[in-house]
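K.L.:
Data file input.txt (compact mmCIF, C-alpha atoms) is appended below.
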```
# COMPACT_ATOMS: atom_id res chain seq x y z
CA THR A 1 2.40 -2.75 9.92
CA PHE A 2 1.69 -0.42 12.81
CA TYR A 3 -0.05 2.47 11.04
CA GLU A 4 -2.01 3.45 14.15
CA ASP A 5 1.24 4.51 15.89
CA THR A 6 1.89 7.24 13.29
CA ARG A 7 -0.44 10.19 13.86
CA SER A 8 -0.55 11.46 10.27
CA ILE A 9 -1.59 8.01 9.07
CA GLY A 10 -3.48 6.54 12.03
CA ASN A 11 -5.53 9.53 13.24
CA THR A 12 -9.09 9.75 11.92
CA VAL A 13 -10.51 12.41 9.60
CA PRO A 14 -12.31 15.47 11.04
CA ASN A 15 -15.75 15.06 12.46
CA LEU A 16 -18.38 14.52 9.81
CA PRO A 17 -22.08 15.45 10.17
CA GLY A 18 -23.46 13.63 13.20
CA ASP A 19 -20.04 12.20 14.07
CA THR A 20 -18.39 12.83 17.42
CA ALA A 21 -15.17 10.89 16.75
CA GLY A 22 -12.03 12.52 15.39
CA PRO A 23 -10.75 16.11 15.63
CA GLN A 24 -13.36 18.76 16.37
CA GLY A 25 -11.79 21.72 14.55
CA GLY A 26 -9.43 24.63 15.17
CA GLU A 27 -5.64 24.64 15.03
CA ASP A 28 -5.42 21.17 16.59
CA ILE A 29 -6.58 19.47 13.37
CA ARG A 30 -3.35 20.01 11.40
CA ILE A 31 -2.12 16.72 9.98
CA GLY A 32 0.33 14.88 12.22
CA LEU A 33 -0.52 16.63 15.49
CA ASP A 34 -1.68 14.54 18.47
CA ASN A 35 -5.34 15.35 17.75
CA GLY A 36 -4.83 16.29 14.11
CA LEU A 37 -6.01 14.89 10.83
CA GLY A 38 -4.87 11.54 9.54
CA PHE A 39 -5.85 8.91 7.04
CA GLY A 40 -7.47 6.70 9.68
CA TRP A 41 -5.55 3.60 8.69
CA THR A 42 -5.76 0.60 10.97
CA ASN A 43 -2.82 -1.69 11.69
CA GLN A 44 -2.24 -4.27 8.99
CA THR A 45 -1.01 -7.85 8.99
CA VAL A 46 0.69 -8.76 5.71
CA PHE A 47 1.13 -12.33 4.49
CA LYS A 48 3.83 -13.18 1.95
CA ILE A 49 4.94 -16.33 0.23
CA GLY A 50 7.65 -16.66 -2.37
CA THR A 51 9.83 -19.05 -4.24
CA GLU A 52 13.19 -18.97 -5.97
CA TYR A 53 14.37 -21.31 -8.69
CA ASN A 54 17.96 -21.58 -9.93
CA LEU A 55 17.45 -22.31 -13.60
CA ASN A 56 21.18 -22.76 -14.18
CA GLU A 57 24.49 -21.31 -12.91
CA THR A 58 23.74 -17.88 -14.34
CA THR A 59 19.97 -17.46 -14.03
CA THR A 60 17.72 -17.32 -10.95
CA LEU A 61 13.94 -16.84 -11.20
CA ARG A 62 11.71 -15.57 -8.40
CA ALA A 63 7.98 -15.21 -7.69
CA ARG A 64 6.15 -13.80 -4.67
CA TRP A 65 2.56 -13.20 -3.61
CA ASN A 66 1.68 -10.75 -0.87
CA TYR A 67 -1.68 -10.00 0.80
CA GLY A 68 -2.62 -7.34 3.31
CA GLU A 69 -6.21 -6.23 3.93
CA SER A 70 -6.69 -2.56 3.07
CA PRO A 71 -6.13 -0.37 6.15
CA ILE A 72 -8.88 2.06 5.03
CA ASN A 73 -12.05 2.12 7.15
CA GLU A 74 -14.89 2.25 4.59
CA ASP A 75 -17.34 3.53 7.21
CA ARG A 76 -15.63 6.91 7.57
CA GLU A 77 -12.25 7.27 5.85
CA ILE A 78 -12.99 7.31 2.10
CA ILE A 79 -12.84 11.11 1.73
CA MET A 80 -9.34 11.56 3.17
CA ASN A 81 -7.93 8.58 1.29
CA LEU A 82 -8.84 10.03 -2.09
CA VAL A 83 -5.46 11.83 -1.94
CA ALA A 84 -3.42 8.84 -0.70
CA PRO A 85 -5.25 5.62 -1.52
CA ALA A 86 -3.95 2.37 -0.08
CA ALA A 87 -6.75 0.15 -1.28
CA VAL A 88 -4.72 -2.55 -3.03
CA GLU A 89 -4.60 -5.85 -1.16
CA HIS A 90 -3.03 -8.47 -3.46
CA HIS A 91 0.42 -8.08 -5.05
CA LEU A 92 2.24 -10.47 -7.39
CA THR A 93 5.97 -10.06 -8.03
CA LEU A 94 7.98 -11.82 -10.71
CA GLY A 95 11.71 -11.32 -11.11
CA GLY A 96 15.07 -12.75 -11.76
CA THR A 97 18.83 -12.37 -11.74
CA TYR A 98 21.26 -13.02 -14.55
CA ASN A 99 24.89 -13.37 -13.44
CA LEU A 100 27.24 -11.81 -15.98
CA LYS A 101 30.35 -12.81 -14.03
CA PRO A 102 30.83 -14.22 -10.52
CA ASN A 103 30.75 -10.66 -9.13
CA MET A 104 28.33 -8.91 -11.57
CA ALA A 105 24.60 -9.39 -12.11
CA ILE A 106 21.59 -7.85 -13.77
CA ASN A 107 18.35 -7.98 -11.78
CA ALA A 108 14.83 -7.32 -13.05
CA ASN A 109 11.34 -7.45 -11.55
CA TYR A 110 7.71 -6.79 -12.31
CA VAL A 111 5.09 -6.08 -9.63
CA HIS A 112 1.34 -6.09 -10.22
CA ALA A 113 -0.98 -4.83 -7.50
CA PHE A 114 -4.46 -6.10 -8.36
CA GLU A 115 -7.31 -3.60 -8.45
CA ASN A 116 -9.38 -3.21 -5.31
CA LYS A 117 -12.35 -0.86 -4.94
CA GLN A 118 -13.67 0.60 -1.69
CA CYS A 119 -16.77 2.76 -1.22
CA GLY A 120 -18.07 4.74 1.69
CA PRO A 121 -19.48 8.09 2.86
CA THR A 122 -17.85 11.31 1.69
CA TYR A 123 -20.46 13.91 2.73
CA ILE A 124 -19.73 15.98 -0.38
CA SER A 125 -22.01 14.64 -3.13
CA ASP A 126 -24.54 16.84 -4.90
CA ASP A 127 -27.12 14.11 -5.34
CA GLY A 128 -27.50 13.34 -1.64
CA SER A 129 -26.05 9.85 -1.86
CA ASN A 130 -22.92 10.88 0.06
CA LEU A 131 -21.20 7.81 -1.37
CA GLY A 132 -17.77 7.90 -2.89
CA CYS A 133 -15.48 5.19 -4.18
CA LEU A 134 -11.80 4.82 -4.74
CA SER A 135 -10.02 2.08 -6.59
CA MET A 136 -6.41 1.45 -7.35
CA SER A 137 -4.16 -0.94 -9.18
CA GLN A 138 -0.45 -0.63 -9.87
CA ASN A 139 2.20 -1.97 -12.22
CA THR A 140 5.89 -1.50 -11.54
CA ILE A 141 8.95 -2.56 -13.50
CA GLY A 142 12.43 -2.44 -12.01
CA ALA A 143 15.94 -3.25 -13.13
CA SER A 144 19.36 -2.95 -11.51
CA PHE A 145 22.98 -3.81 -12.03
CA SER A 146 24.95 -5.11 -9.06
CA MET A 147 28.65 -5.61 -8.58
CA GLN A 148 30.42 -7.10 -5.58
CA TYR A 149 33.93 -5.94 -4.77
```
I'd like the structure from this file rewritten - as structure tokens, please.
P.N.:
Amino acid sequence: TFYEDTRSIGNTVPNLPGDTAGPQGGEDIRIGLDNGLGFGWTNQTVFKIGTEYNLNETTTLRARWNYGESPINEDREIIMNLVAPAAVEHHLTLGGTYNLKPNMAINANYVHAFENKQCGPTYISDDGSNLGCLSMSQNTIGASFSMQY
């Protein structure tokens, strides 16, 4: 995934104390501009593997695992990613299809994104530690009805 090619996602956060990288202030730091703010995400390679099993003529079961290392740079990007975390790395999907008729089916799936925690400097703490953490996990359930005509 080529996050670095999208300015609002790939650009770094504004300069932090002692930091000379990233936008230096003024109007040019608006998110999405050439030199503007961004989430600082790096490009990501995602690996996926899945299987499908036809239980019988009407029922198909599916499972998939997906891994992509978090695109968040823990050395400088924790603060911006508190509003749009992308920390999850492992996803497991289970699903299936039940054919009602040759041209009609009900589909269902469940996705679990396993919790991942990332910590790094935020430069906003009261206790002087300047360390902040974000963690995220997700659960999604989906269902659909399909009809071919």
K.L.:
Quick one: of A:Ile49, A:Ile79, A:Ala105, A:Ala143, who's nearest to A:Tyr67, counting only C-alpha atoms?
P.N.:
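Among A:Ile49, A:Ile79, A:Ala105, A:Ala143, it is A:Ile49 that comes nearest to A:Tyr67.
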K.L.:
So how far away is atom CA of A:Pro71 from atom CA of A:Gly40, in Å?
P.N.:
8.0 Å
K.L.:
From the set A:His90, A:Asn99, A:Ile31, A:Gln44, which residue has the shortest atom-to-atom contact distance to A:Glu57, counting all atoms listed in the file?
P.N.:
A:Asn99
K.L.:
Taking 3 positions as the minimum chain separation for residues in the same chain, which residues sit within 12 Å of A:Glu69 when counting all atoms listed in the file? Answer as a ChimeraX atom specification.
P.N.:
/A:1,41-47,66,72-73,86-91,116,118
K.L.:
Neighbourhood query: residues within 10 Å of (-8.2, 9.6, -4.5), file coordinates, counting only C-alpha atoms; return as a list in words.
P.N.:
Ile78, Ile79, Met80, Asn81, Leu82, Val83, Ala84, Pro85, Ala86, Gly132, Cys133, Leu134, Ser135 and Met136 of chain A
K.L.:
Could you write those residues out with C-alpha atoms, as a tab-separated table (two decimals), in the coordinates of the input?
P.N.:
```
chain	number	residue	atom	x	y	z
A	78	ILE	CA	-12.99	7.31	2.10
A	79	ILE	CA	-12.84	11.11	1.73
A	80	MET	CA	-9.34	11.56	3.17
A	81	ASN	CA	-7.93	8.58	1.29
A	82	LEU	CA	-8.84	10.03	-2.09
A	83	VAL	CA	-5.46	11.83	-1.94
A	84	ALA	CA	-3.42	8.84	-0.70
A	85	PRO	CA	-5.25	5.62	-1.52
A	86	ALA	CA	-3.95	2.37	-0.08
A	132	GLY	CA	-17.77	7.90	-2.89
A	133	CYS	CA	-15.48	5.19	-4.18
A	134	LEU	CA	-11.80	4.82	-4.74
A	135	SER	CA	-10.02	2.08	-6.59
A	136	MET	CA	-6.41	1.45	-7.35
```
K.L.:
Tell me which protein, DNA and RNA residues are within 12 Å of A:Asn56, counting all atoms listed in the file, leaving out same-chain ones fewer than 4 positions away, and put them as a list in words.
P.N.:
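Here the answer would be Thr60, Leu61, Gly96, Thr97, Tyr98 and Asn99 of chain A.
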K.L.:
What would the list of residues within 9 Å of (-5.4, 3.9, 13.2) (file frame) look like as an MDAnalysis selection string, if all atoms listed in the file are what count?
P.N.:
chainID A and resid 2:7 9:12 38:43 71
K.L.:
May I ask for the distance between atom CA of A:Phe145 and atom CA of A:Gly50, given in Å to one decimal place?
P.N.:
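That distance, rounded to one decimal, is 22.2 Å.
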